[in-house]
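Structure first, commentary second.
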Amino acid sequence: MIVIALAFAFPGIGSAWFSGIERAFGKLARRQGWAVASVGVSAFLLRLAILPLCPIPLPFVPDDFSFLLAADTFAHGRLTNTTPAMWTHFESIQISMTPTYMSMYFPSTGLVLAAGKVLFGHPWFGLLCVTALMCAAICWMLQAWLPPGWALLGGVLVILRIGLFSYWINTYHGGGSVSALGGALVLGAFPRLVRTARLRHALLLAIGISLLLLSRPYEGLLLCLPVAAVLGRWLLFGKNRPAPAVLLRRAALPLALVLAASAWLAYYDYRAFGSPTTLPYSVNRDTYAVTPYFIWQPPRPVPAYRHQVMRTFYTVNELQEYKMARTISGFSQALVGKTLIALLFFAGAALLPAFFMLPLALLDRRIRFLVLCVAILAAGMLIQIFLIPHYLAPFTAAFYAIGLQAARHLRLWAPGGKSVGVALVRLTVTLCFIMAGLRLFAEPLHLKLTEWPPSKWLAAWYGPGHFGTERAQIESGLEKLPGKQLVLVRYSPGHEVFNEWVYNAADIDNSKVLWAREMDTADNEELIHYYKDRKVWLVQPDNIPVKVSQCPELSNGVAMYPKAAK
């Protein structure tokens, strides 16, 4: 509101200073290759530079642990892991224990994290590299749809809004950067392919499709359907379409790439889930979930849960959203909520002034196809129960293209002959830099970030705080002790389900510290006897501070374990 007031009151504010920046900015933007590289390198170096204030994140929600399990598995050269002997103690949300022990998710993010672990010693660096590539790819995509200066501006905004602070870079779950990279390659390659019919653009299109297949195939399909329709029309009726023999030669390698990705996914599904046609998610959801994905589907029967925290997650947290979406009022609320989630994450309040011109932008022929893509996405999201911002990741580049086109209209707006629109655009970008600075120094400035529940920061560009420190400190201390350790975790009845502590690496039996869920006395004694070479600890995360106690041993070698909490 301050920005809007300043633009109307002083439309020429900082004009000479802004003009100088825009001229320098324009010179770089016209060198399109350098512009793309600058965005990618800037995203990478800036995130590294702020590590003292925004350190490498720690895992703290079930999804983080699930993706890190996949990363650890791939880093050891395996596609999955055998089910551990005492697996009922190691069950965790978003992790499958049978037919094999593995993450329930599609493998792309796990592969990225594994690459970071193998090449750089920590999985987060893989995520950092992909996020930098995502920012560069979005800038490259925008160059195919908008003037060079606006494309470069879009790349800068993506760095500020997503590349530095969002949960896409500051947690290990979601895979938003991978999916957004795939979507940007698809939307950037296909118009270039139609104009030039070059092999490199066909290869980039195939890489984008493959990334979507291995990360978010449902939303990827919603994006690829209109792309396929336009490409099909071009191949049949386009004036500059290549001859059939040339088309066959240029299409062979891209098609082989997509088929290879599909075959690898089928083999992965076979190894991890027992069948090449059983997709990730399926086994885990069939085993634990009550809530279906789409609003017309009936709920599943309630399974026999062994752990209260999992029962709460599946029969309370998830089922409430399903029941609400099945009513007219609830569906309307969900529609508003989903729209707000998308707006808050990708634009937030800072970029809202451009939305005043959105009706004009939606009518522009330049971005008509992108508007159609977003409309198809909206239809696909309406029939889904859940929506988290990374579900929309394949369309990230399209969102920013439409928003930037609206900003172009806003820049031309001059009520009463005053350059109010120019001032609004300039001050809006300035505000994004100011907000990034405030987020960076939030802790020194004592600005409190939203913490729980996770839904609040999931929809915010500033991402989560540095969570998971207590578990990490306890695990670090236990790893320094001689011998192997077994940690039994006892949650209180009101435990926050997203504050997960039970997570293990791929090779459970050989882990230095093993985390297990508390069960009844007989099950606990069986677990302790099986791991009789380990020192046994009881951790109660819901105590303030977290309570850690060692279980004393009896003369027969079996640990004395406190009675399980009801």
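Residue numbering restarts at 1 in every chain; chains get A, B, ... in the order shown in the structure tokens, and ligands count up from 1 in that same order.
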At a cut-off of 7 Å, using only C-alpha atoms, what residues contact Leu128 (chain A)? Leave out same-chain residues fewer than 3 positions from it and give the result as a ChimeraX atom specification. /A:44,124-125,131-132,169
- For Phe395 (chain A), work out the shell of residues within 9 Å, counting only C-alpha atoms and skipping chain neighbours fewer than 5 positions away, then give it as a ChimeraX atom specification. /A:179-180,183-184,187,219-220,223,373-374,377,400
Margin query: Taking only region 193-277 of chain A into account, list the residues labelled alpha helix (DSSP H) by DSSP (computed from the backbone), as a PyMOL selection string.
Written below: chain A and resi 193-196+199-215+217-237+244-273
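Between CA of Tyr167 (chain A) and CA of Met357 (chain A) lies a distance of 28.9 Å.
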Q: May I have the residues within 7 Å of region 481-496 of chain A as a list in words, using only C-alpha atoms and disregarding those fewer than 2 positions away in the same chain?
A: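 The contact residues come out as Gly477, Leu478, Glu479, Phe498, Asn499, Lys512, Val513, Leu514, Trp515, Ala516, Arg517, Glu518, Arg534, Lys535, Val536, Trp537, Leu538, Val539, Gln540, Pro541 and Asp542 of chain A.
The set of residues in region 458-565 of chain A assigned to strand (DSSP E or B) by DSSP, using only backbone atoms of this structure, is A:Lys484, A:Gln485, A:Leu486, A:Val487, A:Leu488, A:Val489, A:Val513, A:Leu514, A:Trp515, A:Ala516, A:Arg517, A:Arg534, A:Lys535, A:Val536, A:Trp537, A:Leu538, A:Val539, A:Gln540, A:Lys547, A:Val548, A:Ser549, A:Gln550, A:Glu553, A:Ala559.
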Put those residues in a file: N, CA and C atoms, as a short mmCIF file (atom, residue, chain, number, x, y, z; two decimals), in the first residue's frame.
```cif
data_model
loop_
_atom_site.label_atom_id
_atom_site.label_comp_id
_atom_site.auth_asym_id
_atom_site.auth_seq_id
_atom_site.Cartn_x
_atom_site.Cartn_y
_atom_site.Cartn_z
N LYS A 484 26.83 -48.85 18.95
CA LYS A 484 25.60 -48.50 18.24
C LYS A 484 24.51 -48.14 19.24
N GLN A 485 23.57 -47.29 18.79
CA GLN A 485 22.53 -46.76 19.65
C GLN A 485 21.14 -47.08 19.07
N LEU A 486 20.21 -47.38 19.94
CA LEU A 486 18.81 -47.58 19.57
C LEU A 486 17.96 -46.57 20.32
N VAL A 487 17.20 -45.74 19.59
CA VAL A 487 16.39 -44.69 20.20
C VAL A 487 14.92 -45.05 20.03
N LEU A 488 14.23 -45.19 21.13
CA LEU A 488 12.78 -45.40 21.12
C LEU A 488 12.10 -44.05 21.33
N VAL A 489 11.19 -43.70 20.43
CA VAL A 489 10.54 -42.38 20.45
C VAL A 489 9.14 -42.52 21.01
N VAL A 513 22.99 -44.84 14.62
CA VAL A 513 21.85 -44.49 15.48
C VAL A 513 20.58 -44.94 14.79
N LEU A 514 19.79 -45.71 15.49
CA LEU A 514 18.56 -46.27 14.93
C LEU A 514 17.37 -45.69 15.68
N TRP A 515 16.43 -45.09 14.93
CA TRP A 515 15.24 -44.48 15.52
C TRP A 515 14.05 -45.41 15.33
N ALA A 516 13.31 -45.67 16.40
CA ALA A 516 12.18 -46.59 16.33
C ALA A 516 11.00 -46.03 17.11
N ARG A 517 9.81 -46.44 16.72
CA ARG A 517 8.60 -46.00 17.43
C ARG A 517 8.35 -46.90 18.64
N ARG A 534 23.01 -52.96 20.94
CA ARG A 534 22.86 -51.50 20.96
C ARG A 534 22.49 -51.00 22.36
N LYS A 535 22.96 -49.81 22.67
CA LYS A 535 22.53 -49.12 23.90
C LYS A 535 21.16 -48.48 23.62
N VAL A 536 20.25 -48.62 24.56
CA VAL A 536 18.85 -48.22 24.32
C VAL A 536 18.56 -46.89 25.03
N TRP A 537 17.89 -46.01 24.28
CA TRP A 537 17.52 -44.69 24.79
C TRP A 537 16.02 -44.46 24.57
N LEU A 538 15.44 -43.67 25.43
CA LEU A 538 14.05 -43.23 25.27
C LEU A 538 14.06 -41.72 25.05
N VAL A 539 13.45 -41.27 23.97
CA VAL A 539 13.36 -39.84 23.65
C VAL A 539 11.88 -39.44 23.63
N GLN A 540 11.57 -38.37 24.34
CA GLN A 540 10.20 -37.84 24.38
C GLN A 540 10.22 -36.42 23.80
N LYS A 547 13.07 -34.66 26.36
CA LYS A 547 13.61 -35.54 27.39
C LYS A 547 14.30 -36.73 26.75
N VAL A 548 15.56 -36.97 27.14
CA VAL A 548 16.35 -38.10 26.66
C VAL A 548 16.80 -38.88 27.88
N SER A 549 16.47 -40.17 27.92
CA SER A 549 16.87 -40.99 29.07
C SER A 549 17.35 -42.35 28.59
N GLN A 550 18.31 -42.90 29.31
CA GLN A 550 18.83 -44.21 28.97
C GLN A 550 18.06 -45.28 29.71
N GLU A 553 19.72 -51.72 32.07
CA GLU A 553 19.66 -53.12 31.70
C GLU A 553 19.43 -54.00 32.92
N ALA A 559 16.73 -54.87 28.21
CA ALA A 559 16.60 -53.53 28.78
C ALA A 559 15.28 -53.39 29.51
#
```
For this session: Would you mind listing what lies within 10 Å of region 28-40 of chain A as a ChimeraX atom specification, with only C-alpha atoms counted and same-chain residues fewer than 5 positions away left out?
Result: /A:22-23,45,129-141,143,147-159,163
(request) Find the residue from A:Thr287, A:Ser332, A:Asn170, A:Ser103 that sits nearest to Arg311 (chain A); use only C-alpha atoms when measuring. (result)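 Distance minimum relative to Arg311 (chain A) lands on A:Thr287.
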What's around region 259-274 of chain A at 8 Å? Count only C-alpha atoms, leave out sequence neighbours fewer than 2 positions away in its own chain, and write the answer as a CSV table (one decimal) with C-alpha atoms, in the first residue's frame.
```
chain,number,residue,atom,x,y,z
A,79,LEU,CA,16.9,-48.7,-6.4
A,80,THR,CA,15.3,-49.8,-3.1
A,81,ASN,CA,15.9,-51.7,0.1
A,98,THR,CA,6.4,-53.4,2.0
A,99,PRO,CA,7.0,-54.9,-0.6
A,100,THR,CA,10.3,-53.0,-0.1
A,101,TYR,CA,11.6,-50.2,2.2
A,102,MET,CA,11.6,-47.0,0.1
A,210,SER,CA,11.2,-36.7,-18.9
A,213,LEU,CA,7.4,-37.8,-15.9
A,214,LEU,CA,9.8,-38.6,-13.1
A,255,LEU,CA,11.6,-39.9,-28.6
A,256,ALA,CA,14.2,-42.4,-27.6
A,257,LEU,CA,15.0,-40.2,-24.6
A,276,PRO,CA,6.2,-52.0,-13.7
A,277,THR,CA,2.6,-50.6,-13.8
A,278,THR,CA,2.4,-49.9,-10.1
A,279,LEU,CA,3.3,-46.2,-9.9
A,280,PRO,CA,4.9,-44.6,-6.8
A,283,VAL,CA,1.3,-49.0,-2.6
```
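One finds CA of Leu222 (chain A) at 29.0 Å from CA of Val246 (chain A).
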Identify, on the basis of only C-alpha atoms, every residue whose closest approach to region 333-344 of chain A does not exceed 8 Å; exclude the query and any residue fewer than 2 positions from it along the same chain; express the result as a PyMOL selection string. chain A and resi 324-325+329-331+346-349+382+387-389+392+459-461
Atoms kept (C-alpha atoms) for selection, written as a PDB file, in the first residue's frame:
```
ATOM      1  CA  MET A 324     -15.000 -30.364   3.340  1.00  0.00           C
ATOM      2  CA  ALA A 325     -14.372 -30.575  -0.406  1.00  0.00           C
ATOM      3  CA  SER A 329     -19.695 -24.573   0.781  1.00  0.00           C
ATOM      4  CA  GLY A 330     -16.540 -26.557   1.452  1.00  0.00           C
ATOM      5  CA  PHE A 331     -15.747 -26.828  -2.240  1.00  0.00           C
ATOM      6  CA  PHE A 346       4.261 -17.209  -6.513  1.00  0.00           C
ATOM      7  CA  ALA A 347       3.364 -13.514  -6.165  1.00  0.00           C
ATOM      8  CA  GLY A 348       2.498 -12.524  -2.628  1.00  0.00           C
ATOM      9  CA  ALA A 349       1.438  -9.011  -1.739  1.00  0.00           C
ATOM     10  CA  LEU A 382     -10.414 -28.345  -8.977  1.00  0.00           C
ATOM     11  CA  LEU A 387      -3.061 -28.530  -3.208  1.00  0.00           C
ATOM     12  CA  ILE A 388       0.463 -27.591  -2.130  1.00  0.00           C
ATOM     13  CA  PRO A 389       2.456 -25.055  -4.193  1.00  0.00           C
ATOM     14  CA  LEU A 392       1.745 -26.309  -9.493  1.00  0.00           C
ATOM     15  CA  ALA A 459       2.106 -20.925   1.006  1.00  0.00           C
ATOM     16  CA  ALA A 460       4.648 -18.180   1.728  1.00  0.00           C
ATOM     17  CA  TRP A 461       7.677 -17.180  -0.316  1.00  0.00           C
TER      18      TRP A 461
END
```
Identify, on the basis of only C-alpha atoms, every residue whose closest approach to Leu449 (chain A) does not exceed 8 Å; exclude the query and any residue fewer than 3 positions from it along the same chain; express the result as a PDB file with N, CA, C and O atoms, in the first residue's frame.
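selection_4.pdb, freshly written:
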```pdb
ATOM      1  N   ALA A 442      15.889 -11.436   9.225  1.00  0.00           N
ATOM      2  CA  ALA A 442      14.731 -11.561  10.114  1.00  0.00           C
ATOM      3  C   ALA A 442      15.142 -11.877  11.539  1.00  0.00           C
ATOM      4  O   ALA A 442      14.620 -11.296  12.498  1.00  0.00           O
ATOM      5  N   PRO A 464      10.338 -21.833   5.492  1.00  0.00           N
ATOM      6  CA  PRO A 464      10.364 -22.168   6.916  1.00  0.00           C
ATOM      7  C   PRO A 464      11.581 -21.595   7.615  1.00  0.00           C
ATOM      8  O   PRO A 464      12.555 -21.176   6.991  1.00  0.00           O
ATOM      9  N   GLY A 465      11.529 -21.602   8.941  1.00  0.00           N
ATOM     10  CA  GLY A 465      12.707 -21.287   9.730  1.00  0.00           C
ATOM     11  C   GLY A 465      13.657 -22.469   9.757  1.00  0.00           C
ATOM     12  O   GLY A 465      13.454 -23.466   9.037  1.00  0.00           O
TER      13      GLY A 465
END
```
Distance criterion (only C-alpha atoms): nearest to Arg249 (chain A) out of A:Ala202, A:Met435, A:Pro359, A:Asp63
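So, comparing all the options, the nearest one is A:Ala202.
Atom pair CA of Ser108 (chain A) / CA of Ile93 (chain A) has a distance of 19.2 Å (rounded to one decimal).
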